$ cat input.txt   # compact mmCIF, C-alpha atoms and all ligand atoms
# COMPACT_ATOMS: atom_id res chain seq x y z
CA MET A 204 -9.12 89.28 -17.55
CA ARG A 205 -12.21 88.13 -15.66
CA MET A 206 -13.82 90.60 -13.22
CA LYS A 207 -13.28 88.00 -10.49
CA ASP A 208 -9.52 88.32 -10.90
CA LEU A 209 -9.74 92.03 -10.12
CA ASP A 210 -11.52 91.47 -6.80
CA ILE A 211 -9.83 90.87 -3.49
CA GLN A 212 -8.67 87.26 -3.60
CA LYS A 213 -9.85 84.52 -1.27
CA ARG A 214 -7.46 84.14 1.65
CA ARG A 215 -4.77 81.53 1.16
CA LEU A 216 -5.38 78.41 3.20
CA THR A 217 -3.05 78.32 6.20
CA ARG A 218 -2.72 76.20 9.28
CA LYS A 219 -4.26 77.73 12.38
CA VAL A 220 -2.02 78.75 15.24
CA ARG A 221 -3.33 79.82 18.65
CA VAL A 222 -1.86 82.52 20.86
CA GLY A 223 -3.89 82.02 24.00
CA ARG A 224 -7.48 82.49 22.85
CA ILE A 225 -6.54 84.39 19.66
CA GLY A 226 -6.23 82.45 16.40
CA ILE A 227 -3.79 83.31 13.62
CA GLY A 228 -4.42 81.74 10.22
CA GLY A 229 -6.97 79.11 9.26
CA ASP A 230 -10.48 80.52 9.56
CA SER A 231 -9.49 83.26 12.03
CA PRO A 232 -10.01 86.88 11.02
CA VAL A 233 -6.86 88.81 10.13
CA THR A 234 -5.58 90.21 13.43
CA VAL A 235 -3.93 93.50 14.35
CA GLN A 236 -0.77 93.52 16.43
CA SER A 237 1.42 96.14 18.01
CA MET A 238 4.47 96.31 20.24
CA LEU A 239 4.94 98.35 23.39
CA ASN A 240 7.55 101.10 23.39
CA ALA A 241 7.70 101.44 27.20
CA SER A 242 10.52 99.64 28.99
CA THR A 243 9.31 96.15 29.89
CA LYS A 244 10.86 96.69 33.34
CA ASP A 245 8.43 99.59 33.88
CA VAL A 246 5.42 97.43 34.74
CA GLU A 247 3.01 100.31 35.43
CA SER A 248 3.70 102.02 32.07
CA CYS A 249 3.37 98.70 30.21
CA VAL A 250 0.05 97.87 31.86
CA ARG A 251 -1.23 101.36 31.00
CA GLN A 252 -0.09 101.07 27.39
CA ILE A 253 -1.60 97.61 27.03
CA GLU A 254 -4.98 98.91 28.25
CA GLU A 255 -4.80 101.73 25.72
CA LEU A 256 -3.97 99.33 22.87
CA LYS A 257 -6.72 96.95 23.93
CA ASP A 258 -9.28 99.78 23.96
CA ALA A 259 -8.16 100.75 20.45
CA GLY A 260 -8.90 97.20 19.24
CA CYS A 261 -5.45 95.57 19.31
CA ASP A 262 -5.67 91.77 19.14
CA LEU A 263 -2.10 90.80 20.02
CA ILE A 264 0.59 92.66 21.94
CA ARG A 265 4.35 92.06 21.92
CA LEU A 266 6.92 93.15 24.47
CA ALA A 267 10.69 93.20 24.06
CA VAL A 268 12.58 90.99 26.50
CA PRO A 269 16.17 92.26 26.28
CA ASP A 270 17.36 91.06 29.72
CA GLU A 271 16.47 88.90 32.71
CA ASP A 272 14.77 91.70 34.68
CA SER A 273 12.51 92.30 31.66
CA ALA A 274 11.64 88.60 31.53
CA ARG A 275 10.55 88.71 35.18
CA ALA A 276 8.59 91.94 34.63
CA PHE A 277 6.95 90.27 31.59
CA GLY A 278 5.50 87.68 33.99
CA GLU A 279 4.02 90.35 36.24
CA ILE A 280 2.54 92.26 33.27
CA ALA A 281 0.99 89.06 31.92
CA ARG A 282 -0.59 88.34 35.32
CA ARG A 283 -1.87 91.90 35.73
CA THR A 284 -3.42 92.19 32.27
CA GLY A 285 -4.62 88.61 31.78
CA LEU A 286 -3.80 88.91 28.07
CA PRO A 287 -1.86 86.47 25.88
CA LEU A 288 1.42 88.37 25.47
CA ILE A 289 4.21 87.78 22.96
CA ALA A 290 7.88 87.93 24.01
CA ASP A 291 10.28 89.44 21.48
CA ILE A 292 13.67 87.72 21.76
CA HIS A 293 16.95 88.42 20.00
CA TYR A 294 20.33 86.68 20.47
CA SER A 295 19.56 84.75 23.68
CA TYR A 296 18.03 81.29 24.04
CA LYS A 297 18.22 81.72 27.81
CA LEU A 298 15.90 84.73 27.60
CA ALA A 299 13.50 82.76 25.42
CA HIS A 300 13.35 80.06 28.12
CA LEU A 301 12.92 82.70 30.83
CA ALA A 302 10.07 84.32 28.89
CA LEU A 303 8.38 80.90 28.70
CA ASP A 304 8.89 80.48 32.46
CA ASN A 305 7.11 83.82 32.82
CA GLY A 306 4.02 82.97 30.82
CA ALA A 307 4.85 84.05 27.25
CA LYS A 308 2.09 82.79 24.96
CA LYS A 309 4.23 83.17 21.84
CA ILE A 310 7.92 83.74 21.22
CA ARG A 311 9.20 85.89 18.41
CA MET A 312 12.76 84.91 17.51
CA ASN A 313 15.03 86.21 14.78
CA PRO A 314 16.98 83.54 12.90
CA GLY A 315 19.39 86.25 11.76
CA ASN A 316 20.83 86.48 15.27
CA MET A 317 19.81 83.09 16.72
CA ARG A 318 21.60 80.65 14.47
CA ASP A 319 22.57 77.76 16.78
CA PHE A 320 20.38 74.92 15.53
CA ALA A 321 21.06 72.71 18.57
CA GLU A 322 19.74 75.49 20.82
CA ILE A 323 16.82 76.17 18.46
CA LYS A 324 15.82 72.52 18.60
CA GLU A 325 15.95 72.42 22.39
CA LEU A 326 13.71 75.49 22.49
CA ALA A 327 11.42 73.99 19.86
CA ARG A 328 10.92 70.79 21.85
CA ARG A 329 9.96 72.76 24.95
CA MET A 330 7.57 75.02 23.02
CA ALA A 331 5.98 72.08 21.21
CA ASP A 332 5.35 70.37 24.58
CA ALA A 333 3.88 73.56 26.05
CA GLY A 334 1.78 74.36 22.96
CA VAL A 335 3.38 77.80 22.66
CA PRO A 336 3.79 79.00 19.07
CA VAL A 337 6.82 80.66 17.56
CA ARG A 338 7.04 83.53 15.16
CA VAL A 339 10.10 83.16 12.99
CA GLY A 340 10.74 86.83 12.30
CA VAL A 341 13.27 87.52 9.57
CA ASN A 342 14.33 91.10 8.89
CA GLY A 343 16.18 92.60 5.95
CA GLY A 344 18.51 94.43 8.34
CA SER A 345 19.60 91.36 10.34
CA LEU A 346 19.81 88.53 7.85
CA ASP A 347 22.01 85.49 8.56
CA PRO A 348 25.32 86.30 6.71
CA LYS A 349 25.31 82.87 5.07
CA PHE A 350 22.53 84.11 2.77
CA GLU A 351 24.54 87.12 1.63
CA GLY A 352 25.01 87.36 -2.11
CA LYS A 353 21.53 86.07 -2.89
CA GLU A 354 18.78 88.30 -4.19
CA GLU A 355 17.30 89.78 -0.98
CA SER A 356 13.74 88.49 -1.18
CA GLU A 357 15.07 84.99 -1.94
CA ALA A 358 17.51 85.18 0.98
CA LEU A 359 14.79 86.35 3.38
CA ALA A 360 12.40 83.60 2.30
CA GLU A 361 15.09 80.89 2.53
CA SER A 362 16.22 82.00 5.97
CA ALA A 363 12.65 81.93 7.30
CA LEU A 364 11.88 78.51 5.81
CA GLU A 365 15.15 76.99 7.01
CA CYS A 366 14.44 78.07 10.59
CA ALA A 367 10.81 76.91 10.37
CA ASN A 368 12.10 73.48 9.22
CA ALA A 369 14.27 73.25 12.33
CA PHE A 370 11.20 73.87 14.51
CA GLU A 371 9.14 71.39 12.47
CA SER A 372 11.80 68.71 12.85
CA CYS A 373 11.15 68.79 16.62
CA GLY A 374 7.43 68.21 16.26
CA MET A 375 6.51 71.89 16.39
CA ARG A 376 3.58 72.83 14.14
CA ASP A 377 2.56 76.16 15.61
CA ILE A 378 4.75 78.35 13.46
CA VAL A 379 4.08 81.83 12.08
CA LEU A 380 6.45 83.43 9.58
CA ALA A 381 7.19 87.13 9.38
CA ILE A 382 9.38 88.41 6.61
CA LYS A 383 9.95 92.12 6.78
CA ALA A 384 12.06 94.53 4.83
CA SER A 385 12.20 98.29 4.75
CA ASP A 386 11.91 98.17 0.98
CA VAL A 387 8.25 97.55 0.14
CA ASN A 388 8.86 95.66 -3.11
CA THR A 389 11.36 93.30 -1.44
CA MET A 390 8.86 92.64 1.35
CA ILE A 391 6.11 91.85 -1.15
CA ARG A 392 8.33 89.56 -3.22
CA ALA A 393 9.64 87.67 -0.18
CA ASN A 394 6.15 87.05 1.20
CA ARG A 395 4.88 85.87 -2.16
CA ARG A 396 7.78 83.42 -2.32
CA VAL A 397 6.97 81.77 1.00
CA ALA A 398 3.20 81.91 0.45
CA ALA A 399 3.71 79.80 -2.67
CA VAL A 400 5.51 76.96 -0.89
CA CYS A 401 4.15 76.59 2.66
CA ASP A 402 0.97 76.79 4.73
CA TYR A 403 2.40 78.78 7.63
CA PRO A 404 0.30 81.79 8.62
CA LEU A 405 2.07 85.00 7.67
CA HIS A 406 2.58 88.07 9.83
CA LEU A 407 2.89 91.06 7.50
CA GLY A 408 4.75 94.28 8.07
CA VAL A 409 7.15 96.75 6.53
CA THR A 410 10.02 97.27 8.94
CA GLU A 411 11.60 100.65 9.70
CA ALA A 412 8.71 102.15 7.77
CA GLY A 413 9.29 105.62 9.22
CA THR A 414 7.23 108.29 10.91
CA LEU A 415 3.46 108.51 10.72
CA ARG A 416 3.08 109.70 7.13
CA SER A 417 5.70 107.63 5.31
CA GLY A 418 5.12 104.66 7.60
CA LEU A 419 1.42 104.62 6.82
CA VAL A 420 1.93 104.91 3.08
CA LYS A 421 4.62 102.22 2.92
CA SER A 422 2.73 99.82 5.20
CA ALA A 423 -0.62 100.32 3.50
CA LEU A 424 1.02 99.63 0.16
CA GLY A 425 3.13 96.61 1.14
CA ILE A 426 0.59 94.96 3.43
CA GLY A 427 -2.40 96.03 1.35
CA VAL A 428 -1.07 94.55 -1.90
CA LEU A 429 -0.49 91.18 -0.23
CA LEU A 430 -3.81 91.14 1.63
CA ARG A 431 -5.61 91.91 -1.62
CA ASP A 432 -3.92 88.83 -3.08
CA GLY A 433 -5.22 86.73 -0.18
CA ILE A 434 -1.82 86.59 1.56
CA GLY A 435 -1.48 87.50 5.23
CA ASP A 436 -3.03 86.46 8.53
CA THR A 437 -1.91 89.09 11.01
CA VAL A 438 -0.49 92.58 10.53
CA ARG A 439 1.63 95.12 12.31
CA ILE A 440 1.93 98.64 10.98
CA SER A 441 5.39 99.64 12.28
CA LEU A 442 5.56 103.37 12.93
CA SER A 443 7.92 105.75 14.69
CA ALA A 444 4.84 106.98 16.55
CA PRO A 445 2.82 105.94 19.62
CA PRO A 446 1.83 102.25 19.37
CA VAL A 447 -1.87 103.14 19.49
CA GLU A 448 -1.43 104.78 16.06
CA GLU A 449 -0.23 101.41 14.74
CA VAL A 450 -3.39 99.75 15.99
CA LEU A 451 -5.73 102.39 14.59
CA ALA A 452 -3.94 102.23 11.23
CA GLY A 453 -4.08 98.43 11.19
CA LYS A 454 -7.81 98.44 11.92
CA THR A 455 -8.38 101.06 9.22
CA LEU A 456 -6.41 99.05 6.68
CA LEU A 457 -8.33 95.84 7.35
CA ARG A 458 -11.67 97.65 7.32
CA THR A 459 -10.80 99.41 4.07
CA LEU A 460 -10.15 96.03 2.44
CA GLY A 461 -13.36 94.60 3.91
CA LEU A 462 -11.40 92.05 5.97
CA ARG A 463 -12.69 93.28 9.33
CA LYS A 464 -15.98 94.97 10.05
CA ASP A 465 -15.75 95.46 13.78
CA SER A 466 -14.86 99.13 13.86
CA VAL A 467 -16.08 102.55 12.81
CA GLU A 468 -15.30 104.26 9.54
CA VAL A 469 -15.32 108.04 9.83
CA VAL A 470 -15.32 109.71 6.44
CA SER A 471 -14.92 113.47 6.18
CA CYS A 472 -14.89 115.94 3.35
CA PRO A 473 -11.60 117.45 2.16
CA THR A 474 -12.93 121.00 2.92
CA CYS A 475 -13.08 123.86 0.44
CA ALA A 476 -14.03 127.52 0.23
CA ARG A 477 -17.60 126.62 1.27
CA THR A 478 -16.47 125.02 4.55
CA GLU A 479 -18.28 126.55 7.52
CA ILE A 480 -16.89 124.54 10.46
CA ASP A 481 -13.67 122.95 11.71
CA VAL A 482 -14.08 119.65 9.83
CA GLU A 483 -10.77 118.16 10.96
CA GLY A 484 -11.47 118.94 14.63
CA LEU A 485 -15.01 117.60 14.38
CA ALA A 486 -13.93 114.43 12.55
CA ARG A 487 -11.31 113.78 15.25
CA ALA A 488 -13.92 114.34 17.98
CA VAL A 489 -16.24 111.87 16.22
CA GLU A 490 -13.38 109.36 15.91
CA ARG A 491 -12.70 109.62 19.64
CA ALA A 492 -16.41 109.38 20.51
CA THR A 493 -16.92 106.25 18.40
CA ALA A 494 -13.61 104.45 19.10
CA HIS A 495 -15.33 101.90 21.38
CA VAL A 496 -17.89 100.76 18.76
CA ARG A 497 -17.24 97.18 17.65
CA PHE A 498 -19.72 96.78 14.79
CA PRO A 499 -19.79 98.16 11.24
CA LEU A 500 -20.69 101.84 11.44
CA LYS A 501 -20.00 104.57 8.92
CA VAL A 502 -20.10 108.19 10.03
CA ALA A 503 -19.77 111.12 7.61
CA VAL A 504 -18.53 114.52 8.74
CA MET A 505 -19.18 117.22 6.13
CA GLY A 506 -18.13 120.86 6.17
CA CYS A 507 -21.28 122.55 4.84
CA PRO A 508 -25.00 121.79 4.66
CA LEU A 509 -25.17 122.75 0.98
CA ASN A 510 -23.33 119.78 -0.52
CA GLY A 511 -22.66 117.88 2.70
CA ILE A 512 -26.22 116.63 3.07
CA GLY A 513 -26.14 114.85 -0.29
CA GLU A 514 -22.60 113.60 0.09
CA GLY A 515 -23.18 112.35 3.65
CA LYS A 516 -26.32 110.38 2.83
CA HIS A 517 -24.49 107.11 2.18
CA ALA A 518 -23.40 106.88 5.83
CA ASP A 519 -25.23 105.38 8.82
CA LEU A 520 -24.82 108.66 10.68
CA GLY A 521 -23.87 112.00 9.19
CA ILE A 522 -23.12 115.54 10.21
CA ALA A 523 -23.23 118.48 7.83
CA GLY A 524 -21.84 121.37 9.86
CA GLY A 525 -22.96 124.95 9.24
CA LYS A 526 -21.76 128.22 10.74
CA ASP A 527 -24.82 128.65 12.97
CA ARG A 528 -26.93 125.57 12.43
CA SER A 529 -25.88 122.01 11.60
CA VAL A 530 -27.71 119.00 10.28
CA ILE A 531 -27.60 115.45 11.66
CA MET A 532 -28.51 112.56 9.37
CA ARG A 533 -29.28 108.94 10.08
CA ASN A 534 -29.59 106.23 7.44
CA GLY A 535 -29.68 108.91 4.72
CA GLU A 536 -32.47 111.00 6.31
CA ILE A 537 -32.16 114.36 8.03
CA VAL A 538 -33.23 113.71 11.61
CA ALA A 539 -32.29 117.00 13.33
CA THR A 540 -31.18 120.55 12.64
CA VAL A 541 -29.44 121.93 15.72
CA PRO A 542 -27.41 124.98 16.80
CA THR A 543 -23.81 124.25 15.84
CA GLU A 544 -22.53 124.83 19.39
CA THR A 545 -24.69 121.89 20.60
CA LEU A 546 -23.84 119.61 17.67
CA MET A 547 -21.61 117.14 19.56
CA PRO A 548 -24.07 116.43 22.44
CA HIS A 549 -26.85 115.92 19.88
CA PHE A 550 -24.63 113.65 17.80
CA MET A 551 -23.67 111.64 20.91
CA ALA A 552 -27.34 111.11 21.78
CA MET A 553 -27.97 109.92 18.21
CA LEU A 554 -24.96 107.60 18.40
CA ASP A 555 -26.26 106.08 21.67
CA ASP A 556 -29.65 105.51 20.02
CA HIS A 557 -28.01 103.88 17.02
CA ILE A 558 -25.86 101.60 19.19
CA ALA A 559 -28.90 100.57 21.27
CA GLU A 560 -30.90 99.78 18.15
CA TYR A 561 -28.05 97.80 16.60
CA SER A 562 -27.58 95.80 19.83
CA LYS A 563 -31.34 95.03 19.93
CA ASN A 564 -31.34 93.71 16.36
CA HIS A 565 -28.08 91.68 16.44
S1 LIG B 1 -19.01 119.04 1.89
FE1 LIG B 1 -19.14 121.25 1.56
S2 LIG B 1 -17.33 122.04 2.62
FE2 LIG B 1 -16.96 119.87 2.33
S3 LIG B 1 -15.81 119.78 0.42
FE3 LIG B 1 -17.98 119.42 -0.09
S4 LIG B 1 -18.70 121.48 -0.62
FE4 LIG B 1 -16.75 121.77 0.46

$ encode --input "input.txt" --output "structure tokens"
Amino acid sequence: MRMKDLDIQKRRLTRKVRVGRIGIGGDSPVTVQSMLNASTKDVESCVRQIEELKDAGCDLIRLAVPDEDSARAFGEIARRTGLPLIADIHYSYKLAHLALDNGAKKIRMNPGNMRDFAEIKELARRMADAGVPVRVGVNGGSLDPKFEGKEESEALAESALECANAFESCGMRDIVLAIKASDVNTMIRANRRVAAVCDYPLHLGVTEAGTLRSGLVKSALGIGVLLRDGIGDTVRISLSAPPVEEVLAGKTLLRTLGLRKDSVEVVSCPTCARTEIDVEGLARAVERATAHVRFPLKVAVMGCPLNGIGEGKHADLGIAGGKDRSVIMRNGEIVATVPTETLMPHFMAMLDDHIAEYSKNH
């Protein structure tokens, strides 16, 4: 095997779809999405949650539209936030039309529970005219019964492609496919199947992935394997946890694979008998303090000056915490030794310096 084959593969060529000003596919960077868990009818809570997701670096935000009141509230939320919002629709074509009336910039529909092709075509014609894209979102748990009996990944792929064809037949080109399953291997197989036969951008996710720990492991595995193969244009890490955790996990995944560089990587030591400070607490404080940084920055948080200085030298900024005195490093050099109780203010001043210098040079 050639070394090249072991590297992350070049992204598969897909057509570019626009959701407001955000591109999915084509030459756009892989984007991070999440979905609100507040009631869409609760406008204040939704606006607050959207601001939180935006600050965490979320590119695209989806809201469920389960009834007509939610569709109307969707319009108010879109106006208040000024963001391109995605309406999540199940079962009802009427709600899809209402969401469009209320400014939805993309509609997610599930062909497992929206199977009337005459209705789909009417919706497709309207969306094509308005330039609003669709996400055909197929889920293992709600597959069209007519595909029962087939191997699951094949059934998922066929259902998605059949629905996409119906949209295409009405002149609609702005189509994103999402094929999700709770079983990671099924999800990987199904996405590989469609990636081999179409140029639709793919939204990747493992559905019903679970709580924070199992959800992160399953999603990182399923989404990560595909992204490494060059498959995938936008991701959602589904978690039974606050949506902001989905965004932070998505950003971390993309940064880890080198697909996005616009966020901070905080590395910290695993701690051991030599640890002299609260590494976990300090690493979390550093994560919070650097969450707004939108350029590549690596920060190391180490639990002792003895080994931490050497191990933290590869980072742009580093802290090696000691019981009484701690060391701050920048670009591999020790730049300050400070009393541990004043470590965070000193680190913040160093961070501000670093940000100012980066902004001057870029
Ligand atoms: S940096 Fe120090 S405290 Fe952390 S694991 Fe290494 S030796 Fe242990």

$ residues_around --input "input.txt" --residues "A:Leu209" --least-positions-apart "4" --cutoff "12 Å" --atoms "all atoms listed in the file" --output "JSON, numbers by chain"
{"A": [204, 205, 213, 431, 432]}

$ atom_distance --input "input.txt" --atom1 "atom CA of A:His495" --atom2 "atom CA of A:Gly226"
22.0 Å

$ residues_near_ligand --input "input.txt" --ligand "ligand LIG 1 (chain B)" --cutoff "9 Å" --atoms "only C-alpha atoms and all ligand atoms" --output "list of chain:residue names"
A:Ser471, A:Cys472, A:Pro473, A:Thr474, A:Cys475, A:Ala476, A:Arg477, A:Thr478, A:Glu479, A:Ile480, A:Val482, A:Val504, A:Met505, A:Gly506, A:Cys507, A:Pro508, A:Leu509, A:Asn510, A:Gly511, A:Ile512, A:Gly513, A:Glu514, A:Gly515, A:Ala523, A:Gly524

$ write_last_selection --input "input.txt" --atoms "C-alpha atoms" --output "tab-separated table (two decimals), in the coordinates of the input"
chain	number	residue	atom	x	y	z
A	471	SER	CA	-14.92	113.47	6.18
A	472	CYS	CA	-14.89	115.94	3.35
A	473	PRO	CA	-11.60	117.45	2.16
A	474	THR	CA	-12.93	121.00	2.92
A	475	CYS	CA	-13.08	123.86	0.44
A	476	ALA	CA	-14.03	127.52	0.23
A	477	ARG	CA	-17.60	126.62	1.27
A	478	THR	CA	-16.47	125.02	4.55
A	479	GLU	CA	-18.28	126.55	7.52
A	480	ILE	CA	-16.89	124.54	10.46
A	482	VAL	CA	-14.08	119.65	9.83
A	504	VAL	CA	-18.53	114.52	8.74
A	505	MET	CA	-19.18	117.22	6.13
A	506	GLY	CA	-18.13	120.86	6.17
A	507	CYS	CA	-21.28	122.55	4.84
A	508	PRO	CA	-25.00	121.79	4.66
A	509	LEU	CA	-25.17	122.75	0.98
A	510	ASN	CA	-23.33	119.78	-0.52
A	511	GLY	CA	-22.66	117.88	2.70
A	512	ILE	CA	-26.22	116.63	3.07
A	513	GLY	CA	-26.14	114.85	-0.29
A	514	GLU	CA	-22.60	113.60	0.09
A	515	GLY	CA	-23.18	112.35	3.65
A	523	ALA	CA	-23.23	118.48	7.83
A	524	GLY	CA	-21.84	121.37	9.86

$ residues_around --input "input.txt" --residues "stretch 339-347 of chain A" --least-positions-apart "5" --cutoff "9 Å" --atoms "only C-alpha atoms" --output "PyMOL selection string"
chain A and resi 310-318+355-356+358-360+362-364+366-367+378-386+389-390+406+410

$ residues_around --input "input.txt" --residues "A:Leu419" --least-positions-apart "2" --cutoff "10 Å" --atoms "only C-alpha atoms" --output "ChimeraX atom specification"
/A:409,412-417,421-425,440-442,448-449,452-453,456

$ write_last_selection --input "input.txt" --atoms "C-alpha atoms" --output "PDB file, keeping the file's coordinate frame"
ATOM      1  CA  VAL A 409       7.150  96.750   6.530  1.00  0.00           C
ATOM      2  CA  ALA A 412       8.710 102.150   7.770  1.00  0.00           C
ATOM      3  CA  GLY A 413       9.290 105.620   9.220  1.00  0.00           C
ATOM      4  CA  THR A 414       7.230 108.290  10.910  1.00  0.00           C
ATOM      5  CA  LEU A 415       3.460 108.510  10.720  1.00  0.00           C
ATOM      6  CA  ARG A 416       3.080 109.700   7.130  1.00  0.00           C
ATOM      7  CA  SER A 417       5.700 107.630   5.310  1.00  0.00           C
ATOM      8  CA  LYS A 421       4.620 102.220   2.920  1.00  0.00           C
ATOM      9  CA  SER A 422       2.730  99.820   5.200  1.00  0.00           C
ATOM     10  CA  ALA A 423      -0.620 100.320   3.500  1.00  0.00           C
ATOM     11  CA  LEU A 424       1.020  99.630   0.160  1.00  0.00           C
ATOM     12  CA  GLY A 425       3.130  96.610   1.140  1.00  0.00           C
ATOM     13  CA  ILE A 440       1.930  98.640  10.980  1.00  0.00           C
ATOM     14  CA  SER A 441       5.390  99.640  12.280  1.00  0.00           C
ATOM     15  CA  LEU A 442       5.560 103.370  12.930  1.00  0.00           C
ATOM     16  CA  GLU A 448      -1.430 104.780  16.060  1.00  0.00           C
ATOM     17  CA  GLU A 449      -0.230 101.410  14.740  1.00  0.00           C
ATOM     18  CA  ALA A 452      -3.940 102.230  11.230  1.00  0.00           C
ATOM     19  CA  GLY A 453      -4.080  98.430  11.190  1.00  0.00           C
ATOM     20  CA  LEU A 456      -6.410  99.050   6.680  1.00  0.00           C
TER      21      LEU A 456
END

$ atom_distance --input "input.txt" --atom1 "atom CA of A:Arg396" --atom2 "atom CA of A:Arg463"
25.5 Å

$ atom_distance --input "input.txt" --atom1 "atom CA of A:Glu255" --atom2 "atom CA of A:Glu279"
17.8 Å

$ closest_residue --input "input.txt" --among "A:Arg329, A:His565, A:Lys297, A:Lys309" --to "A:Arg224" --atoms "all atoms listed in the file"
A:Lys309

$ residues_around --input "input.txt" --residues "stretch 270-278 of chain A" --least-positions-apart "2" --cutoff "10 Å" --atoms "all atoms listed in the file" --output "VMD selection string"
chain A and resid 242 to 246 249 266 to 268 280 to 283 288 to 290 292 295 297 to 307

$ closest_residue --input "input.txt" --among "A:Leu554, A:Leu460, A:Val438, A:Leu263" --to "A:Arg533" --atoms "only C-alpha atoms"
A:Leu554

$ decode --input "input.txt" --residues "stretch 408-419 of chain A" --atoms "N, CA and C atoms" --output "CSV table (one decimal), in the first residue's frame"
chain,number,residue,atom,x,y,z
A,408,GLY,N,-24.2,11.8,10.3
A,408,GLY,CA,-24.5,11.7,11.7
A,408,GLY,C,-24.9,10.3,12.0
A,409,VAL,N,-24.7,10.0,13.3
A,409,VAL,CA,-25.2,8.7,13.9
A,409,VAL,C,-26.4,9.1,14.7
A,410,THR,N,-27.5,8.5,14.4
A,410,THR,CA,-28.7,8.9,15.1
A,410,THR,C,-28.9,8.1,16.4
A,411,GLU,N,-29.6,8.7,17.3
A,411,GLU,CA,-29.8,8.1,18.6
A,411,GLU,C,-28.5,7.5,19.2
A,412,ALA,N,-27.5,8.4,19.1
A,412,ALA,CA,-26.1,7.9,19.5
A,412,ALA,C,-26.0,7.8,21.0
A,413,GLY,N,-26.8,8.4,21.8
A,413,GLY,CA,-26.8,8.2,23.2
A,413,GLY,C,-26.3,9.4,24.0
A,414,THR,N,-26.0,9.2,25.2
A,414,THR,CA,-25.5,10.3,26.1
A,414,THR,C,-24.1,10.7,25.7
A,415,LEU,N,-23.6,11.7,26.4
A,415,LEU,CA,-22.3,12.3,26.0
A,415,LEU,C,-21.2,11.3,25.7
A,416,ARG,N,-21.0,10.3,26.6
A,416,ARG,CA,-19.8,9.5,26.3
A,416,ARG,C,-20.1,8.5,25.1
A,417,SER,N,-21.2,7.8,25.1
A,417,SER,CA,-21.3,6.8,24.0
A,417,SER,C,-21.6,7.6,22.7
A,418,GLY,N,-22.3,8.7,22.9
A,418,GLY,CA,-22.7,9.5,21.7
A,418,GLY,C,-21.4,10.0,21.0
A,419,LEU,N,-20.5,10.5,21.8
A,419,LEU,CA,-19.2,11.0,21.2
A,419,LEU,C,-18.4,9.9,20.6
